[in-house]
$ cat protein.cif   # mmCIF, C-alpha atoms and all ligand atoms
data_input
loop_
_atom_site.label_atom_id
_atom_site.label_comp_id
_atom_site.auth_asym_id
_atom_site.auth_seq_id
_atom_site.Cartn_x
_atom_site.Cartn_y
_atom_site.Cartn_z
CA MET N 1 10.89 19.52 -3.96
CA ASN N 2 8.52 20.96 -1.40
CA PRO N 3 4.99 20.89 -2.83
CA PRO N 4 3.03 24.12 -2.58
CA THR N 5 0.48 24.22 0.22
CA PRO N 6 -3.03 24.37 -1.20
CA ARG N 7 -4.63 27.38 0.48
CA ASN N 8 -8.27 28.09 0.83
CA PRO N 9 -8.63 30.59 3.66
CA GLY N 10 -11.98 30.85 5.37
CA LYS N 11 -13.30 27.52 4.07
CA PRO N 12 -13.30 24.03 5.59
CA LYS N 13 -10.61 21.70 4.29
CA PHE N 14 -11.09 18.05 3.43
CA PHE N 15 -9.01 14.93 2.96
CA ASP N 16 -10.21 12.41 0.34
CA SER N 17 -9.28 9.16 2.07
CA HIS N 18 -9.90 6.89 -0.95
CA ASN N 19 -9.92 7.68 -4.64
CA HIS N 20 -8.57 6.38 -7.92
CA LEU N 21 -6.80 9.31 -9.54
CA ASN N 22 -4.72 6.46 -10.99
CA ASP N 23 -7.72 5.37 -13.08
CA PRO N 24 -7.54 5.86 -16.88
CA ALA N 25 -10.73 7.97 -16.50
CA PHE N 26 -8.49 10.87 -15.39
CA GLU N 27 -5.77 10.49 -17.98
CA GLY N 28 -4.63 13.76 -19.51
CA GLU N 29 -6.79 15.75 -17.13
CA LEU N 30 -5.14 15.26 -13.76
CA GLU N 31 -3.87 18.81 -13.38
CA LEU N 32 -7.35 20.23 -13.89
CA VAL N 33 -8.95 17.64 -11.61
CA VAL N 34 -6.49 18.39 -8.82
CA ALA N 35 -6.85 22.15 -9.32
CA ARG N 36 -10.65 21.84 -9.02
CA ALA N 37 -10.23 19.77 -5.85
CA PHE N 38 -7.98 22.39 -4.22
CA GLU N 39 -10.42 25.09 -5.25
CA ALA N 40 -13.21 23.14 -3.48
CA GLY N 41 -11.12 22.84 -0.31
CA VAL N 42 -10.13 19.21 -0.85
CA LYS N 43 -6.63 19.44 0.41
CA GLY N 44 -5.19 15.94 0.05
CA PHE N 45 -5.75 12.48 -1.38
CA LEU N 46 -5.10 8.85 -0.77
CA VAL N 47 -4.84 7.26 -4.23
CA VAL N 48 -5.67 3.58 -3.98
CA GLY N 49 -4.44 0.74 -6.19
CA TYR N 50 -6.57 -2.23 -7.28
CA ASN N 51 -3.98 -4.29 -9.17
CA LEU N 52 -0.24 -4.13 -9.77
CA GLU N 53 -0.35 -1.57 -12.56
CA SER N 54 -2.70 0.82 -10.76
CA SER N 55 -0.66 0.42 -7.55
CA ARG N 56 2.48 1.46 -9.43
CA ARG N 57 0.61 4.41 -10.88
CA ALA N 58 -0.64 5.39 -7.40
CA VAL N 59 2.95 5.50 -6.14
CA GLU N 60 3.96 7.58 -9.18
CA LEU N 61 1.21 10.09 -8.46
CA ALA N 62 2.17 10.22 -4.78
CA GLU N 63 5.69 11.15 -5.89
CA THR N 64 4.57 13.90 -8.24
CA LEU N 65 1.33 15.48 -6.98
CA PRO N 66 1.23 17.63 -3.83
CA TRP N 67 -0.57 16.28 -0.76
CA THR N 68 -0.94 12.87 -2.37
CA PHE N 69 -0.30 9.46 -0.81
CA ALA N 70 -0.67 5.93 -2.12
CA ALA N 71 -2.17 2.60 -1.11
CA VAL N 72 -1.10 -0.55 -2.94
CA GLY N 73 -3.04 -3.79 -3.20
CA LEU N 74 -5.04 -6.29 -5.22
CA HIS N 75 -8.82 -5.79 -5.37
CA PRO N 76 -11.02 -8.87 -4.69
CA HIS N 77 -12.33 -8.67 -8.28
CA GLU N 78 -8.80 -9.47 -9.47
CA ALA N 79 -7.95 -12.01 -6.78
CA ARG N 80 -7.74 -14.84 -9.32
CA VAL N 81 -4.44 -13.42 -10.62
CA PHE N 82 -2.87 -13.42 -7.15
CA SER N 83 0.54 -15.11 -6.89
CA ASP N 84 3.64 -15.07 -4.71
CA ASP N 85 5.42 -12.99 -7.37
CA LEU N 86 2.65 -10.43 -7.33
CA LEU N 87 2.81 -10.29 -3.54
CA ALA N 88 6.58 -9.70 -3.72
CA GLU N 89 6.01 -6.80 -6.13
CA LEU N 90 3.37 -5.29 -3.85
CA ARG N 91 5.75 -5.63 -0.89
CA ALA N 92 8.50 -3.79 -2.80
CA LEU N 93 6.06 -0.99 -3.71
CA ALA N 94 4.72 -0.81 -0.15
CA GLU N 95 8.16 0.02 1.17
CA HIS N 96 8.05 3.37 -0.64
CA GLU N 97 7.78 6.23 1.87
CA ARG N 98 4.65 7.70 0.24
CA VAL N 99 2.76 4.39 0.59
CA VAL N 100 0.64 4.67 3.72
CA ALA N 101 -1.76 1.70 3.40
CA ILE N 102 -2.41 -1.69 1.83
CA GLY N 103 -5.52 -1.53 -0.34
CA GLU N 104 -7.86 -1.91 -1.67
CA ILE N 105 -8.26 -5.47 -0.55
CA GLY N 106 -11.32 -7.39 0.56
CA LEU N 107 -14.22 -9.62 -0.34
CA ASP N 108 -16.90 -9.01 -2.95
CA TYR N 109 -19.65 -11.61 -3.25
CA HIS N 110 -21.79 -9.43 -5.50
CA TYR N 111 -19.89 -9.70 -8.77
CA HIS N 112 -17.99 -12.98 -8.35
CA HIS N 113 -15.19 -11.97 -10.72
CA SER N 114 -13.06 -14.26 -8.53
CA THR N 115 -14.24 -17.17 -6.39
CA PRO N 116 -14.59 -16.70 -2.61
CA GLU N 117 -11.62 -19.05 -2.14
CA GLU N 118 -9.41 -17.00 -4.48
CA GLN N 119 -10.55 -13.82 -2.74
CA LYS N 120 -9.77 -15.16 0.73
CA ARG N 121 -6.32 -16.34 -0.29
CA ALA N 122 -5.39 -12.89 -1.67
CA LEU N 123 -6.98 -11.15 1.31
CA ARG N 124 -5.10 -13.22 3.91
CA ALA N 125 -1.75 -12.74 2.20
CA GLN N 126 -2.29 -8.98 2.03
CA LEU N 127 -3.52 -8.72 5.64
CA ASP N 128 -0.35 -10.55 6.55
CA LEU N 129 1.70 -8.07 4.50
CA ALA N 130 -0.03 -5.16 6.28
CA ARG N 131 0.83 -6.71 9.63
CA GLU N 132 4.44 -7.32 8.60
CA LEU N 133 4.91 -3.73 7.34
CA ASP N 134 2.78 -2.19 10.11
CA LEU N 135 0.48 -0.45 7.60
CA PRO N 136 -3.29 0.06 7.88
CA VAL N 137 -5.62 -1.54 5.32
CA SER N 138 -8.33 -0.06 3.08
CA LEU N 139 -11.04 -2.73 2.95
CA HIS N 140 -13.59 -3.30 0.20
CA ILE N 141 -16.55 -5.41 1.39
CA ARG N 142 -19.65 -6.14 -0.61
CA LYS N 143 -22.24 -8.68 0.54
CA ALA N 144 -19.48 -10.40 2.52
CA PHE N 145 -19.56 -8.93 6.03
CA PRO N 146 -19.73 -12.19 8.03
CA ASP N 147 -16.77 -13.68 6.16
CA MET N 148 -14.79 -10.44 6.45
CA PHE N 149 -15.28 -10.30 10.22
CA GLU N 150 -14.14 -13.89 10.45
CA GLU N 151 -11.00 -13.16 8.39
CA LEU N 152 -10.16 -10.02 10.38
CA ALA N 153 -10.50 -11.90 13.67
CA ALA N 154 -7.45 -13.93 12.60
CA PHE N 155 -5.39 -10.72 12.24
CA PRO N 156 -5.72 -8.85 15.53
CA GLY N 157 -3.63 -5.71 15.55
CA VAL N 158 -4.20 -4.93 11.86
CA ALA N 159 -5.84 -1.48 11.75
CA GLY N 160 -7.72 0.15 8.92
CA VAL N 161 -10.91 1.37 7.39
CA PHE N 162 -14.07 -0.14 5.94
CA HIS N 163 -13.95 1.91 2.74
CA CYS N 164 -17.15 3.05 1.00
CA PHE N 165 -19.22 1.53 3.77
CA SER N 166 -22.36 -0.21 2.53
CA GLY N 167 -23.54 -2.01 5.66
CA GLY N 168 -26.11 -1.20 8.30
CA PRO N 169 -25.91 -0.31 11.99
CA ARG N 170 -25.11 -3.89 13.01
CA GLU N 171 -22.12 -4.19 10.66
CA ALA N 172 -20.95 -0.71 11.67
CA ARG N 173 -21.04 -1.68 15.36
CA GLN N 174 -19.02 -4.81 14.73
CA ALA N 175 -16.40 -2.98 12.64
CA LEU N 176 -16.08 -0.33 15.35
CA GLU N 177 -15.77 -2.95 18.08
CA MET N 178 -12.87 -4.44 16.14
CA GLY N 179 -11.19 -1.04 16.17
CA PHE N 180 -11.78 -0.09 12.53
CA TYR N 181 -12.63 3.28 11.05
CA ILE N 182 -15.63 3.64 8.75
CA SER N 183 -15.54 5.67 5.56
CA TYR N 184 -18.62 7.15 3.88
CA SER N 185 -18.74 7.94 0.17
CA GLY N 186 -21.20 9.52 -2.28
CA PHE N 187 -23.33 6.42 -1.69
CA LEU N 188 -24.52 8.21 1.47
CA THR N 189 -26.28 10.83 -0.68
CA TYR N 190 -28.42 8.20 -2.45
CA GLY N 191 -31.00 8.05 0.34
CA SER N 192 -30.35 4.79 2.23
CA ARG N 193 -31.90 5.09 5.72
CA LYS N 194 -29.94 2.03 6.82
CA LEU N 195 -26.66 3.71 5.93
CA GLU N 196 -27.68 6.93 7.69
CA LYS N 197 -28.43 4.88 10.80
CA ALA N 198 -24.97 3.34 10.59
CA LEU N 199 -23.47 6.81 10.29
CA ARG N 200 -25.28 7.99 13.44
CA GLN N 201 -23.60 5.14 15.30
CA THR N 202 -20.13 6.03 14.05
CA PRO N 203 -18.25 8.12 16.59
CA LEU N 204 -16.72 11.29 15.17
CA ASP N 205 -13.21 10.07 15.95
CA ARG N 206 -13.66 6.95 13.74
CA LEU N 207 -15.23 8.62 10.74
CA LEU N 208 -13.63 9.11 7.33
CA ILE N 209 -14.98 10.49 4.06
CA GLU N 210 -13.96 9.65 0.51
CA THR N 211 -15.03 10.02 -3.09
CA ASP N 212 -13.95 6.63 -4.50
CA ALA N 213 -13.68 8.69 -7.71
CA PRO N 214 -14.26 8.02 -10.60
CA TYR N 215 -17.09 5.91 -9.09
CA LEU N 216 -20.13 6.80 -6.96
CA ALA N 217 -20.53 10.48 -7.77
CA PRO N 218 -22.55 12.17 -5.01
CA GLY N 219 -25.79 14.16 -5.11
CA GLU N 220 -26.70 15.77 -8.40
CA TYR N 221 -23.64 14.22 -10.09
CA LYS N 222 -24.91 10.67 -9.54
CA GLY N 223 -24.33 8.51 -12.62
CA GLY N 224 -21.51 10.68 -13.97
CA ARG N 225 -17.77 10.59 -13.42
CA ASN N 226 -16.89 11.39 -9.83
CA GLU N 227 -13.89 13.52 -8.87
CA PRO N 228 -12.31 14.70 -5.60
CA ALA N 229 -13.80 18.20 -5.95
CA TYR N 230 -17.20 16.65 -5.13
CA LEU N 231 -16.11 15.44 -1.69
CA PRO N 232 -17.70 18.44 0.13
CA ILE N 233 -21.13 17.24 -1.08
CA THR N 234 -20.69 14.02 0.90
CA ALA N 235 -19.23 15.96 3.83
CA ARG N 236 -22.31 18.21 3.88
CA LYS N 237 -24.55 15.12 3.90
CA VAL N 238 -22.58 13.72 6.86
CA ALA N 239 -22.97 17.06 8.67
CA GLU N 240 -26.70 17.08 7.94
CA VAL N 241 -27.28 13.53 9.21
CA LEU N 242 -25.18 14.10 12.34
CA GLU N 243 -26.59 17.62 12.87
CA LEU N 244 -23.10 19.06 13.17
CA PRO N 245 -21.43 22.11 11.64
CA LEU N 246 -19.62 21.28 8.39
CA ASP N 247 -16.31 22.54 9.76
CA GLN N 248 -16.47 20.03 12.61
CA VAL N 249 -16.97 17.16 10.13
CA ALA N 250 -14.13 18.47 7.94
CA ARG N 251 -11.79 18.78 10.91
CA ALA N 252 -12.59 15.37 12.40
CA THR N 253 -12.31 13.45 9.13
CA TYR N 254 -9.07 15.24 8.18
CA GLU N 255 -7.51 14.51 11.58
CA ASN N 256 -8.73 10.88 11.50
CA ALA N 257 -7.09 10.32 8.11
CA ARG N 258 -3.91 11.96 9.37
CA ARG N 259 -3.88 9.67 12.42
CA LEU N 260 -4.92 6.37 10.79
CA PHE N 261 -2.53 6.67 7.82
CA ARG N 262 0.15 8.52 9.86
CA LEU N 263 0.32 11.21 7.18
CA PRO N 264 3.17 13.71 7.28
CA ILE N 265 0.80 16.66 6.82
CA PRO N 266 0.16 19.54 9.24
CA PRO N 267 -2.78 19.43 11.65
CA TYR N 268 -6.09 20.85 10.49
CA GLU N 269 -6.11 24.60 10.82
CA GLU N 270 -9.06 26.73 11.77
CA PRO N 271 -10.49 28.53 8.77
CA GLU N 272 -8.91 31.98 8.86
CA GLU N 273 -11.49 34.51 9.90
CA GLU N 274 -11.22 38.20 9.31
CA ASP N 275 -11.73 39.14 12.94
CA LEU N 276 -8.61 37.17 13.89
CA SER N 277 -6.39 39.64 12.06
CA TRP N 278 -3.98 41.68 14.12
CA ASN N 279 -5.26 45.09 15.16
CA GLU N 280 -4.27 47.78 17.65
CA GLU N 281 -6.84 46.72 20.19
CA ASN N 282 -5.65 43.15 20.71
CA GLU N 283 -2.05 44.26 20.28
CA GLU N 284 -2.51 46.32 23.44
CA GLU N 285 -4.08 43.37 25.19
CA ALA N 286 -1.19 41.17 24.19
CA LEU N 287 1.28 43.72 25.57
ZN ZN C 1 -12.06 2.12 -4.49
#
$ encode --input "protein.cif" --output "structure tokens"
Amino acid sequence: MNPPTPRNPGKPKFFDSHNHLNDPAFEGELELVVARAFEAGVKGFLVVGYNLESSRRAVELAETLPWTFAAVGLHPHEARVFSDDLLAELRALAEHERVVAIGEIGLDYHYHHSTPEEQKRALRAQLDLARELDLPVSLHIRKAFPDMFEELAAFPGVAGVFHCFSGGPREARQALEMGFYISYSGFLTYGSRKLEKALRQTPLDRLLIETDAPYLAPGEYKGGRNEPAYLPITARKVAEVLELPLDQVARATYENARRLFRLPIPPYEEPEEEDLSWNEENEEEAL
């Protein structure tokens, strides 16, 4: 089946490069949530797994929802359950044509749900899987930047994104030097000067935006359940910090997601403007 193209003429269009529509928080409400996203100009989604079950669900959604793709992986919080069997199941899922990334994977030294050793073991195996399958990675890093850079140095050639970036300008520079993209979430709207500085150092061709829904609701929705329809709030904040028109931010981040994840979606189109409609005057010119 060919999914319908979400249309929103005259408005910027956005790609949500990391969310969890596979989370139970959206159960029974997905149609409405997706409809609200399309209405807001959010044209496509990367639904990201965090364990085996949510990875399976992400693939299911990518098969059924329009403009939806999946990432499969084991989150560092759950690294203690990592095993060779689990890796084999992730590999089988990752071979699905709608799976465009391995994630989210990473290191989180804030919560310590798994030990650093358990986290590194799961991370290395999944970086290796990404390399084997030639897929980019969606990386979760919290209070673990030095270790993450050390781990990534052992996997040259693995591409990807620092999802929901929480570092400063120094960490941003290092990620960029290693060839990674940087993704900004609703966290950017919470007023961190350090994060805004990092954003100013991120070239427009390495910039992604995401909701990480249901987490990290932006702006006035802070504290509530996030959803993809709120992505334009973060995009507007990016545009404000970079002093760029919103459409330029929408276009760049859409095209970057398309390139990094090699998405089979059409290039970003200019918002349709009324004065581009065919009329006698430019018909004559064309003749
Ligand atoms: Zn996430």
$ residues_near_ligand --input "protein.cif" --ligand "ligand ZN 1 (chain C)" --cutoff "8 Å" --atoms "only C-alpha atoms and all ligand atoms" --output "PDB file with C-alpha atoms, in the frame of the given file"
ATOM      1  CA  HIS N  18      -9.900   6.890  -0.950  1.00  0.00           C
ATOM      2  CA  ASN N  19      -9.920   7.680  -4.640  1.00  0.00           C
ATOM      3  CA  HIS N  20      -8.570   6.380  -7.920  1.00  0.00           C
ATOM      4  CA  VAL N  48      -5.670   3.580  -3.980  1.00  0.00           C
ATOM      5  CA  GLY N  49      -4.440   0.740  -6.190  1.00  0.00           C
ATOM      6  CA  TYR N  50      -6.570  -2.230  -7.280  1.00  0.00           C
ATOM      7  CA  GLU N 104      -7.860  -1.910  -1.670  1.00  0.00           C
ATOM      8  CA  HIS N 140     -13.590  -3.300   0.200  1.00  0.00           C
ATOM      9  CA  HIS N 163     -13.950   1.910   2.740  1.00  0.00           C
ATOM     10  CA  CYS N 164     -17.150   3.050   1.000  1.00  0.00           C
ATOM     11  CA  ASP N 212     -13.950   6.630  -4.500  1.00  0.00           C
ATOM     12  CA  ALA N 213     -13.680   8.690  -7.710  1.00  0.00           C
ATOM     13  CA  TYR N 215     -17.090   5.910  -9.090  1.00  0.00           C
TER      14      TYR N 215
END
$ residues_near_point --input "protein.cif" --point "(-23.7, 0.6, 2.5)" --cutoff "9 Å" --atoms "only C-alpha atoms" --output "number ranges by chain"
N: 142, 164-168, 184, 187-188, 192, 194-195, 198
$ residues_around --input "protein.cif" --residues "Lys222 in chain N" --least-positions-apart "2" --cutoff "12 Å" --atoms "all atoms listed in the file" --output "mmCIF file with C-alpha atoms, in the frame of the given file"
data_model
loop_
_atom_site.group_PDB
_atom_site.id
_atom_site.type_symbol
_atom_site.label_atom_id
_atom_site.label_comp_id
_atom_site.auth_asym_id
_atom_site.auth_seq_id
_atom_site.Cartn_x
_atom_site.Cartn_y
_atom_site.Cartn_z
ATOM 1 C CA SER N 185 -18.740 7.940 0.170
ATOM 2 C CA GLY N 186 -21.200 9.520 -2.280
ATOM 3 C CA PHE N 187 -23.330 6.420 -1.690
ATOM 4 C CA LEU N 188 -24.520 8.210 1.470
ATOM 5 C CA THR N 189 -26.280 10.830 -0.680
ATOM 6 C CA TYR N 190 -28.420 8.200 -2.450
ATOM 7 C CA GLY N 191 -31.000 8.050 0.340
ATOM 8 C CA THR N 211 -15.030 10.020 -3.090
ATOM 9 C CA ALA N 213 -13.680 8.690 -7.710
ATOM 10 C CA PRO N 214 -14.260 8.020 -10.600
ATOM 11 C CA TYR N 215 -17.090 5.910 -9.090
ATOM 12 C CA LEU N 216 -20.130 6.800 -6.960
ATOM 13 C CA ALA N 217 -20.530 10.480 -7.770
ATOM 14 C CA PRO N 218 -22.550 12.170 -5.010
ATOM 15 C CA GLY N 219 -25.790 14.160 -5.110
ATOM 16 C CA GLU N 220 -26.700 15.770 -8.400
ATOM 17 C CA GLY N 224 -21.510 10.680 -13.970
ATOM 18 C CA ARG N 225 -17.770 10.590 -13.420
ATOM 19 C CA ASN N 226 -16.890 11.390 -9.830
ATOM 20 C CA GLU N 227 -13.890 13.520 -8.870
ATOM 21 C CA TYR N 230 -17.200 16.650 -5.130
ATOM 22 C CA ILE N 233 -21.130 17.240 -1.080
ATOM 23 C CA THR N 234 -20.690 14.020 0.900
#
$ atom_distance --input "protein.cif" --atom1 "CA of Pro267 in chain N" --atom2 "CA of Leu61 in chain N"
22.5 Å
$ residues_near_point --input "protein.cif" --point "(-3.6, -4.8, 7.3)" --cutoff "8 Å" --atoms "only C-alpha atoms" --output "number ranges by chain"
N: 101-102, 126-131, 134-138, 155, 158-160
$ atom_distance --input "protein.cif" --atom1 "CA of Ala122 in chain N" --atom2 "CA of Leu87 in chain N"
8.8 Å
$ atom_distance --input "protein.cif" --atom1 "CA of Tyr221 in chain N" --atom2 "CA of Pro203 in chain N"
27.9 Å
$ residues_around --input "protein.cif" --residues "Glu63 in chain N" --least-positions-apart "4" --cutoff "10 Å" --atoms "all atoms listed in the file" --output "ChimeraX atom specification"
/N:57-59,67-70,96-99
$ closest_residue --input "protein.cif" --among "N:Leu260, N:Ala88, N:Leu246, N:Ala239" --to "Asp205 in chain N" --atoms "all atoms listed in the file"
N:Leu260
$ closest_residue --input "protein.cif" --among "N:Leu176, N:Ala125, N:Leu93, N:Ile209" --to "Val249 in chain N" --atoms "only C-alpha atoms"
N:Ile209
$ residues_around --input "protein.cif" --residues "Arg36 in chain N" --least-positions-apart "2" --cutoff "12 Å" --atoms "only C-alpha atoms" --output "PDB file with C-alpha atoms, in the frame of the given file"
ATOM      1  CA  PRO N   6      -3.030  24.370  -1.200  1.00  0.00           C
ATOM      2  CA  ASN N   8      -8.270  28.090   0.830  1.00  0.00           C
ATOM      3  CA  GLU N  29      -6.790  15.750 -17.130  1.00  0.00           C
ATOM      4  CA  LEU N  30      -5.140  15.260 -13.760  1.00  0.00           C
ATOM      5  CA  GLU N  31      -3.870  18.810 -13.380  1.00  0.00           C
ATOM      6  CA  LEU N  32      -7.350  20.230 -13.890  1.00  0.00           C
ATOM      7  CA  VAL N  33      -8.950  17.640 -11.610  1.00  0.00           C
ATOM      8  CA  VAL N  34      -6.490  18.390  -8.820  1.00  0.00           C
ATOM      9  CA  PHE N  38      -7.980  22.390  -4.220  1.00  0.00           C
ATOM     10  CA  GLU N  39     -10.420  25.090  -5.250  1.00  0.00           C
ATOM     11  CA  ALA N  40     -13.210  23.140  -3.480  1.00  0.00           C
ATOM     12  CA  GLY N  41     -11.120  22.840  -0.310  1.00  0.00           C
ATOM     13  CA  VAL N  42     -10.130  19.210  -0.850  1.00  0.00           C
ATOM     14  CA  LYS N  43      -6.630  19.440   0.410  1.00  0.00           C
ATOM     15  CA  GLU N 227     -13.890  13.520  -8.870  1.00  0.00           C
ATOM     16  CA  PRO N 228     -12.310  14.700  -5.600  1.00  0.00           C
ATOM     17  CA  ALA N 229     -13.800  18.200  -5.950  1.00  0.00           C
ATOM     18  CA  TYR N 230     -17.200  16.650  -5.130  1.00  0.00           C
ATOM     19  CA  LEU N 231     -16.110  15.440  -1.690  1.00  0.00           C
TER      20      LEU N 231
END
$ closest_residue --input "protein.cif" --among "N:Pro12, N:Gly223, N:Pro156, N:Pro76" --to "Arg236 in chain N" --atoms "only C-alpha atoms"
N:Pro12
$ decode --input "protein.cif" --residues "range 177-202 of chain N" --atoms "N, CA and C atoms" --output "PDB file, in the first residue's frame"
ATOM      1  N   GLU N 177      33.684  16.771  15.078  1.00  0.00           N
ATOM      2  CA  GLU N 177      34.979  16.361  14.512  1.00  0.00           C
ATOM      3  C   GLU N 177      34.989  14.878  14.174  1.00  0.00           C
ATOM      4  N   MET N 178      34.231  14.099  14.943  1.00  0.00           N
ATOM      5  CA  MET N 178      34.175  12.656  14.666  1.00  0.00           C
ATOM      6  C   MET N 178      33.147  12.336  13.591  1.00  0.00           C
ATOM      7  N   GLY N 179      32.537  13.365  13.023  1.00  0.00           N
ATOM      8  CA  GLY N 179      31.641  13.163  11.884  1.00  0.00           C
ATOM      9  C   GLY N 179      30.179  12.959  12.252  1.00  0.00           C
ATOM     10  N   PHE N 180      29.838  13.140  13.531  1.00  0.00           N
ATOM     11  CA  PHE N 180      28.466  12.874  13.953  1.00  0.00           C
ATOM     12  C   PHE N 180      27.550  14.086  13.755  1.00  0.00           C
ATOM     13  N   TYR N 181      26.279  13.792  13.645  1.00  0.00           N
ATOM     14  CA  TYR N 181      25.236  14.812  13.652  1.00  0.00           C
ATOM     15  C   TYR N 181      24.856  15.078  15.115  1.00  0.00           C
ATOM     16  N   ILE N 182      24.232  16.233  15.354  1.00  0.00           N
ATOM     17  CA  ILE N 182      23.771  16.539  16.703  1.00  0.00           C
ATOM     18  C   ILE N 182      22.289  16.883  16.645  1.00  0.00           C
ATOM     19  N   SER N 183      21.520  16.248  17.535  1.00  0.00           N
ATOM     20  CA  SER N 183      20.079  16.455  17.531  1.00  0.00           C
ATOM     21  C   SER N 183      19.635  17.198  18.789  1.00  0.00           C
ATOM     22  N   TYR N 184      18.817  18.221  18.574  1.00  0.00           N
ATOM     23  CA  TYR N 184      18.311  19.046  19.681  1.00  0.00           C
ATOM     24  C   TYR N 184      16.840  18.744  19.905  1.00  0.00           C
ATOM     25  N   SER N 185      16.488  18.656  21.189  1.00  0.00           N
ATOM     26  CA  SER N 185      15.120  18.294  21.591  1.00  0.00           C
ATOM     27  C   SER N 185      14.487  19.459  22.345  1.00  0.00           C
ATOM     28  N   GLY N 186      13.337  19.192  22.965  1.00  0.00           N
ATOM     29  CA  GLY N 186      12.645  20.191  23.774  1.00  0.00           C
ATOM     30  C   GLY N 186      13.490  20.737  24.913  1.00  0.00           C
ATOM     31  N   PHE N 187      14.502  19.985  25.293  1.00  0.00           N
ATOM     32  CA  PHE N 187      15.473  20.411  26.307  1.00  0.00           C
ATOM     33  C   PHE N 187      16.044  21.794  25.971  1.00  0.00           C
ATOM     34  N   LEU N 188      16.154  22.082  24.672  1.00  0.00           N
ATOM     35  CA  LEU N 188      16.706  23.366  24.217  1.00  0.00           C
ATOM     36  C   LEU N 188      15.834  24.547  24.662  1.00  0.00           C
ATOM     37  N   THR N 189      14.546  24.287  24.891  1.00  0.00           N
ATOM     38  CA  THR N 189      13.639  25.381  25.261  1.00  0.00           C
ATOM     39  C   THR N 189      13.646  25.638  26.767  1.00  0.00           C
ATOM     40  N   TYR N 190      14.465  24.897  27.519  1.00  0.00           N
ATOM     41  CA  TYR N 190      14.461  25.046  28.982  1.00  0.00           C
ATOM     42  C   TYR N 190      15.439  26.110  29.480  1.00  0.00           C
ATOM     43  N   GLY N 191      16.150  26.762  28.562  1.00  0.00           N
ATOM     44  CA  GLY N 191      16.945  27.924  28.957  1.00  0.00           C
ATOM     45  C   GLY N 191      18.407  27.670  29.278  1.00  0.00           C
ATOM     46  N   SER N 192      18.994  26.572  28.805  1.00  0.00           N
ATOM     47  CA  SER N 192      20.419  26.335  29.081  1.00  0.00           C
ATOM     48  C   SER N 192      21.292  27.111  28.093  1.00  0.00           C
ATOM     49  N   ARG N 193      22.057  28.081  28.617  1.00  0.00           N
ATOM     50  CA  ARG N 193      22.954  28.897  27.772  1.00  0.00           C
ATOM     51  C   ARG N 193      24.038  28.021  27.141  1.00  0.00           C
ATOM     52  N   LYS N 194      24.488  27.035  27.923  1.00  0.00           N
ATOM     53  CA  LYS N 194      25.539  26.134  27.464  1.00  0.00           C
ATOM     54  C   LYS N 194      25.072  25.370  26.211  1.00  0.00           C
ATOM     55  N   LEU N 195      23.840  24.927  26.264  1.00  0.00           N
ATOM     56  CA  LEU N 195      23.281  24.174  25.138  1.00  0.00           C
ATOM     57  C   LEU N 195      23.095  25.093  23.916  1.00  0.00           C
ATOM     58  N   GLU N 196      22.674  26.326  24.164  1.00  0.00           N
ATOM     59  CA  GLU N 196      22.510  27.273  23.058  1.00  0.00           C
ATOM     60  C   GLU N 196      23.854  27.561  22.395  1.00  0.00           C
ATOM     61  N   LYS N 197      24.904  27.634  23.223  1.00  0.00           N
ATOM     62  CA  LYS N 197      26.254  27.831  22.684  1.00  0.00           C
ATOM     63  C   LYS N 197      26.648  26.661  21.789  1.00  0.00           C
ATOM     64  N   ALA N 198      26.348  25.458  22.267  1.00  0.00           N
ATOM     65  CA  ALA N 198      26.650  24.257  21.474  1.00  0.00           C
ATOM     66  C   ALA N 198      25.913  24.310  20.131  1.00  0.00           C
ATOM     67  N   LEU N 199      24.666  24.743  20.193  1.00  0.00           N
ATOM     68  CA  LEU N 199      23.860  24.836  18.968  1.00  0.00           C
ATOM     69  C   LEU N 199      24.486  25.806  17.968  1.00  0.00           C
ATOM     70  N   ARG N 200      24.977  26.958  18.480  1.00  0.00           N
ATOM     71  CA  ARG N 200      25.586  27.942  17.579  1.00  0.00           C
ATOM     72  C   ARG N 200      26.830  27.389  16.885  1.00  0.00           C
ATOM     73  N   GLN N 201      27.430  26.370  17.480  1.00  0.00           N
ATOM     74  CA  GLN N 201      28.622  25.766  16.874  1.00  0.00           C
ATOM     75  C   GLN N 201      28.288  24.610  15.950  1.00  0.00           C
ATOM     76  N   THR N 202      27.003  24.273  15.865  1.00  0.00           N
ATOM     77  CA  THR N 202      26.617  23.120  15.045  1.00  0.00           C
ATOM     78  C   THR N 202      26.290  23.597  13.640  1.00  0.00           C
TER      79      THR N 202
END
